[in-house]
Amino acid sequence: MELQAVLMAAGGGSRMTDLTYNTPKPMLPVGNKPLMWYPLNLLERVGFEEVIVITTKEVHKMMSTDPKMKLEPVKMKLDVVCIQEDGDMGTADALRHIQPKIKTDILVVSCDLITDVALHEVVDLFRAHNATLAMLMSKAHEFTETVPGQKGKKKTAEQRDFVGVDQSGKRLLFMANEADMEDGLSIRKSIMRKHPRMHIKTGLVDAHLYCLKKAVVDFLTENKSISSIRGELVPYLVRKQFSKTTNSQKNKDDVDDQNQKKNDGSMNHELLITSRDEPLLQLAQERSCWNDHHGDMSEAYHGGKMRCYVHIMDQGLCYRVNTLAAYIEANRMAPKLFEEPAVHPSAAISERCQMGSDSIIGAQCQVADKTSIKRSTIGNSTIVKEKVKVTNTIIMHGVTIEEGCNIQGSVICSNAVIGRGADLKYCLVGNGQRIEPEAERTNEVIVGTDQLMEI
Amino acid sequence: ELTKEEKQRLRKEKKQQKKNKEKKDEKASRESDKEKKSAAPASQPPTQHTAQKAVPASAPVPLPASEAPVPADKPAKSKAELKAERRARQEAERASKQGKKGEVGQQAATGKAKAPPSELQPVVKRLPEHIQVDNPDVLKKLAKKLERQQVCIYVYYGYKVSLFSHLHQYSRKAPLTQQLSIPSTVIHPAIVRLGLQYSQGIVAGSNARSVALLHAFKQVIRDYTTPPKEELSRDLVNKLKPYISFLNQCRPLSASMGNAIKYIKKEISNIPSQCKEEEAKRKLLNCIECYINEKIVLAAKAIAKYSIEKISDGDVILVYGCSSLVNHILCEAFEKGRKFRVIVVDSRPRLEGREALRRLVQRGISCTYVLISAVSYILPEVSKVFLGAHALLANGYVMSRVGTSQIALVAKAFNVPVLVCCETYKFCERVQTDSFVSNELDDPDDLIVTRKGKTQLEDWQKVDSLGLLNLVYDVTPPDFVDLVITDLGMIPCTSVPVVLRVKNVDQ
């Protein structure tokens, strides 16, 4: 088998607690499908037949039992591995946990990725260059929608990521976060000598889709200090490409190094990324008249055994739904990814309602007369009474909206009840909340007091 | 009288050839009808009707092409008319039965010229599919075959120059893998990786491709398990067929790869049925190792040994492109202490000479670098030309990177000896006299170059009358090659069929 898919669905959604305090992030509805469905659909479309899903017990229960949240019939075999919910387990820790199941190279996907990338582009880089790591990134889009609950202008950009690629735009040379750099960007001379032309990009979104060699998973089991793939493992691998020990051909020196540097004993395991018949591969590479760079005297790949590649998408959808703004944007764009009809056949929509063509109505909805629904997503089993105006809103499942409401630019979570005549603009109504009739709220986050964040 | 005799003879011939030649029967009957109709005297000049197909002019098949002497002095006008009718009918039949064997018409001999039919019915070989791309029937057959093997078919790209419209042309931007499922189950992952590396040019060069192919086959054999009720010797060969089709679609197989595949298939089929699977696999892996060792590594050593005798101190050696064997020879000669300098000739769009230059300079050999347009300028300085080969054909022609024949031609004009270095496993039984019939078309977008920010050929597809041609191989006639250095020794170009015959006898 060539690749095993691993879906990381245990994340907490720490940047959008208002939405996730009741519904776990993987089950948040986007376009009336749970968020998990999108990466699973991507994997299925491409041809995967089995996926290992790492998730919490709660999500597992919701996946299998709750009829409203039942996953769309996914034909793949899902091997669900439950881990503790206390949140101290990073993504790399999770990989370490499932190491016995891993038999070949893996493709790690995060549950909050919504994309229509041609996955073969990433995997081809992984295959053709025998790479250790291949990942996917995308040019970031500005979010244009107003986010409920945000007061004032958008806060300054989060800590930026600096990504350095070579001239072809495929080889990953440098990756660092602004937070880790005290006094500026420092690049090692060895990298500059090998790749004198480097493009450094900052406006990229990491899609958290990685192809990793099996040896990396084995390396993780030895080295227990790495707990996050994105935060620690990937920068480590990118750095190690140019490390002297991995490039040295003489094995005896490495053995000495092993004895001396005990705490750096981790890095020597990377040397085990060799296949059987290594001499044959060497012979083929020697005889081949191909080189990935020109202008200096070194052979292909500068003789390095570890290579990291990145595919940067400049067209197409790629969203990581980990903030509220991204969630809203994804709800707008998600319908483009599947061709189901916008209105579920079991929904009862009266004829006198105006519905825009870019709205989605879920199953078993009841929409009464004289309502106007524009650019909105309405979840399953929602009841919308008469004379309601819903614009630019995301309404989750089981919501009841009484007559005469006017809802604009808001997010209404599951099982909420909006009283008669309420006027909500750019609000976020939490799970199970009741909005009293004739209420007027603008730009507010309405959650229960017991679910407020603990400080 | 004679006509009757002729008819009888013809009928006898018909019965003999009835198995393969229904078409000729028709013609014969038409002929005999014609004879009956015409009241021509016995002194008819032999009318020979060539029902030869429109086979491309320089087909690799040695047809005993006996052209029809046009019956110029036929008295009766009706004869010409009948002939025209017959020709029209033949054309129609030919069009409907295209893609099959070529045929030679019968000779309606007169009394003395008795044409034994067996002479005239040639052993026509089937034209290989990869040079009949402009034939829709062949394409359909190929598509069906690939579908059966579950290998996706490539989409052809771009406008093809008319002389080469019978060859495939692909674009590198649309790889075959986008139609494969990602954890590829139908095709073994090692083969998918190999196909990708071929199509992107990461593994390029005859020897490198063969070694990589055998390495991938080793992995396939390791991961193979015999299904129940099947024999390894037969099933494994069947398993390899779709892989080979896939690789062929990624990039047409080279002659060396073809020979390697033949060897492997033979070895697999020779495995006795009572052999256990583990042992059989071990044997096969061993065979592959031996093959690579003998035919590539040791052969390179032997060739280096022979060629060192031909390199003397003070030589100026010209090499073209990047041939792994020639580089090896030069490095070995330099190690042994010969004093010489090298001129590397390079050509667009591949610019492989840069890699050769790097490897030679890294060893300390002093080199000069020119493009092929300057070869006649630099040739007066040159004392010898060493060329690598992709394959050596059975009629002594050398098939190599495009540009090699030009170098050989100019060297001949300057009386500079041309030595070709080639291992024996690259000898193939094909015959070719020109570079049109069987060649490889590379991605035409490689010819586009950006200078000073301007890309002139960016929209070449929009110009109707413009076609970009990126040939990969060409053939050099044996008159331009003075010596071929192989692992069997130094032989003239024309001894290739002898070597092939001896090889076949050995096997």
# chains A, B, ... in the order shown; residues from 1 in each chain; ligands from 1
$ interface_residues --of "chain A" --to "chain B" --cutoff "8 Å" --atoms "only C-alpha atoms" --output "tab-separated table (two decimals) with C-alpha atoms, in the first residue's frame"
chain	number	residue	atom	x	y	z
A	1	MET	CA	0.00	0.00	0.00
A	2	GLU	CA	1.26	3.39	-0.74
A	3	LEU	CA	-0.26	5.87	1.67
A	4	GLN	CA	-2.37	5.68	4.77
A	46	VAL	CA	-9.15	10.87	-4.62
A	47	GLY	CA	-9.43	7.16	-4.05
A	48	PHE	CA	-8.61	6.36	-0.46
A	118	ALA	CA	-5.91	18.41	-6.86
A	119	LEU	CA	-4.30	16.18	-4.28
A	120	HIS	CA	-2.06	14.51	-6.80
A	123	VAL	CA	1.53	13.54	-3.58
A	124	ASP	CA	3.44	13.71	-6.86
A	127	ARG	CA	6.64	10.46	-4.86
A	128	ALA	CA	8.83	11.87	-7.57
A	129	HIS	CA	11.52	13.34	-5.35
A	277	ASP	CA	18.44	-1.51	-2.45
A	280	LEU	CA	20.66	0.59	-6.78
A	281	LEU	CA	18.89	3.88	-6.25
A	283	LEU	CA	23.40	3.97	-9.13
A	284	ALA	CA	20.31	5.13	-10.97
A	285	GLN	CA	20.73	8.65	-9.69
A	286	GLU	CA	24.40	8.72	-10.62
A	287	ARG	CA	23.74	7.57	-14.14
A	288	SER	CA	20.87	9.95	-14.64
A	289	CYS	CA	21.74	13.20	-16.33
A	290	TRP	CA	19.41	15.27	-14.22
A	291	ASN	CA	20.12	17.87	-11.64
A	296	ASP	CA	27.51	24.83	-8.68
A	297	MET	CA	29.49	21.66	-8.50
$ residues_around --residues "Lys310 (chain B)" --least-positions-apart "6" --cutoff "12 Å" --atoms "only C-alpha atoms" --output "PyMOL selection string"
chain B and resi 303-304+317+329-330+333+338+340+383-386+417-421+483-485+490
$ residues_around --residues "Leu317 (chain A)" --least-positions-apart "5" --cutoff "12 Å" --atoms "only C-alpha atoms" --output "PyMOL selection string"
chain A and resi 38+113-118+137-141+205+207+329-330+332-337
$ atom_distance --atom1 "CA of Pro272 (chain B)" --atom2 "CA of Pro228 (chain B)"
16.7 Å
$ residues_around --residues "region 19-22 of chain A" --least-positions-apart "5" --cutoff "7 Å" --atoms "only C-alpha atoms" --output "list in words"
Gly13, Gly430 and Asn431 of chain A
$ residues_around --residues "region 345-359 of chain A" --least-positions-apart "4" --cutoff "12 Å" --atoms "only C-alpha atoms" --output "VMD selection string"
chain A and resid 31 to 32 331 to 336 340 to 341 363 to 395
$ select_by_dssp --residues "region 17-186 of chain A" --states "helix (DSSP H, G or I)" --output "PyMOL selection string"
chain A and resi 17-20+25-27+37-46+57-64+91-97+99-101+119-128+178-180
$ residues_around --residues "region 52-59 of chain A" --least-positions-apart "6" --cutoff "8 Å" --atoms "only C-alpha atoms" --output "compact mmCIF listing (two decimals) with N, CA, C and O atoms, in the first residue's frame"
# COMPACT_ATOMS: atom_id res chain seq x y z
N GLN A 4 -1.25 5.85 3.84
CA GLN A 4 -2.37 5.68 4.77
C GLN A 4 -2.83 7.07 5.16
O GLN A 4 -2.01 7.93 5.48
N ALA A 5 -4.13 7.25 5.19
CA ALA A 5 -4.65 8.58 5.53
C ALA A 5 -4.97 8.64 7.01
O ALA A 5 -5.51 7.69 7.58
N VAL A 6 -4.61 9.76 7.62
CA VAL A 6 -4.89 9.97 9.03
C VAL A 6 -5.61 11.29 9.15
O VAL A 6 -5.12 12.31 8.68
N LEU A 7 -6.77 11.27 9.77
CA LEU A 7 -7.54 12.50 9.93
C LEU A 7 -7.49 12.91 11.40
O LEU A 7 -7.87 12.14 12.27
N MET A 8 -7.00 14.10 11.63
CA MET A 8 -6.88 14.58 13.01
C MET A 8 -8.15 15.33 13.37
O MET A 8 -8.36 16.46 12.92
N ALA A 9 -9.02 14.70 14.15
CA ALA A 9 -10.30 15.34 14.48
C ALA A 9 -10.47 15.48 15.98
O ALA A 9 -11.57 15.34 16.50
N ALA A 10 -9.38 15.71 16.66
CA ALA A 10 -9.50 15.83 18.12
C ALA A 10 -9.26 17.25 18.57
O ALA A 10 -9.20 17.52 19.76
N GLY A 11 -9.12 18.13 17.64
CA GLY A 11 -8.81 19.51 18.00
C GLY A 11 -9.98 20.17 18.70
O GLY A 11 -11.13 19.81 18.49
N PRO A 24 -18.49 19.97 19.32
CA PRO A 24 -17.06 19.85 19.03
C PRO A 24 -16.78 20.33 17.62
O PRO A 24 -17.62 20.20 16.72
N PRO A 26 -15.10 19.27 15.04
CA PRO A 26 -15.28 18.44 13.84
C PRO A 26 -16.73 18.28 13.42
O PRO A 26 -16.99 17.91 12.29
N MET A 27 -17.67 18.54 14.32
CA MET A 27 -19.05 18.33 13.96
C MET A 27 -19.79 19.63 13.69
O MET A 27 -20.99 19.62 13.50
N LEU A 78 -13.79 3.73 8.13
CA LEU A 78 -13.22 4.67 9.09
C LEU A 78 -12.76 3.91 10.32
O LEU A 78 -13.55 3.25 10.97
N ASP A 79 -11.49 4.02 10.59
CA ASP A 79 -10.93 3.35 11.75
C ASP A 79 -10.77 4.42 12.82
O ASP A 79 -9.84 5.21 12.79
N VAL A 80 -11.72 4.45 13.76
CA VAL A 80 -11.75 5.57 14.70
C VAL A 80 -10.91 5.22 15.92
O VAL A 80 -11.08 4.17 16.52
N VAL A 81 -10.01 6.09 16.25
CA VAL A 81 -9.18 5.92 17.43
C VAL A 81 -9.54 7.04 18.39
O VAL A 81 -9.45 8.22 18.05
N CYS A 82 -9.99 6.70 19.58
CA CYS A 82 -10.40 7.75 20.51
C CYS A 82 -9.26 8.07 21.45
O CYS A 82 -8.57 7.19 21.95
N ILE A 83 -9.09 9.34 21.67
CA ILE A 83 -8.09 9.74 22.64
C ILE A 83 -8.75 10.62 23.68
O ILE A 83 -9.88 11.07 23.50
N GLN A 84 -8.04 10.84 24.74
CA GLN A 84 -8.57 11.64 25.83
C GLN A 84 -8.82 13.05 25.39
O GLN A 84 -8.14 13.58 24.52
N GLU A 85 -9.79 13.63 26.06
CA GLU A 85 -10.21 14.94 25.60
C GLU A 85 -9.48 16.07 26.32
O GLU A 85 -9.68 17.22 26.02
N ALA A 94 -0.48 12.34 19.01
CA ALA A 94 -1.51 11.43 18.49
C ALA A 94 -0.91 10.45 17.50
O ALA A 94 -1.24 9.27 17.48
$ atom_distance --atom1 "CA of Ser228 (chain A)" --atom2 "CA of Trp37 (chain A)"
23.3 Å
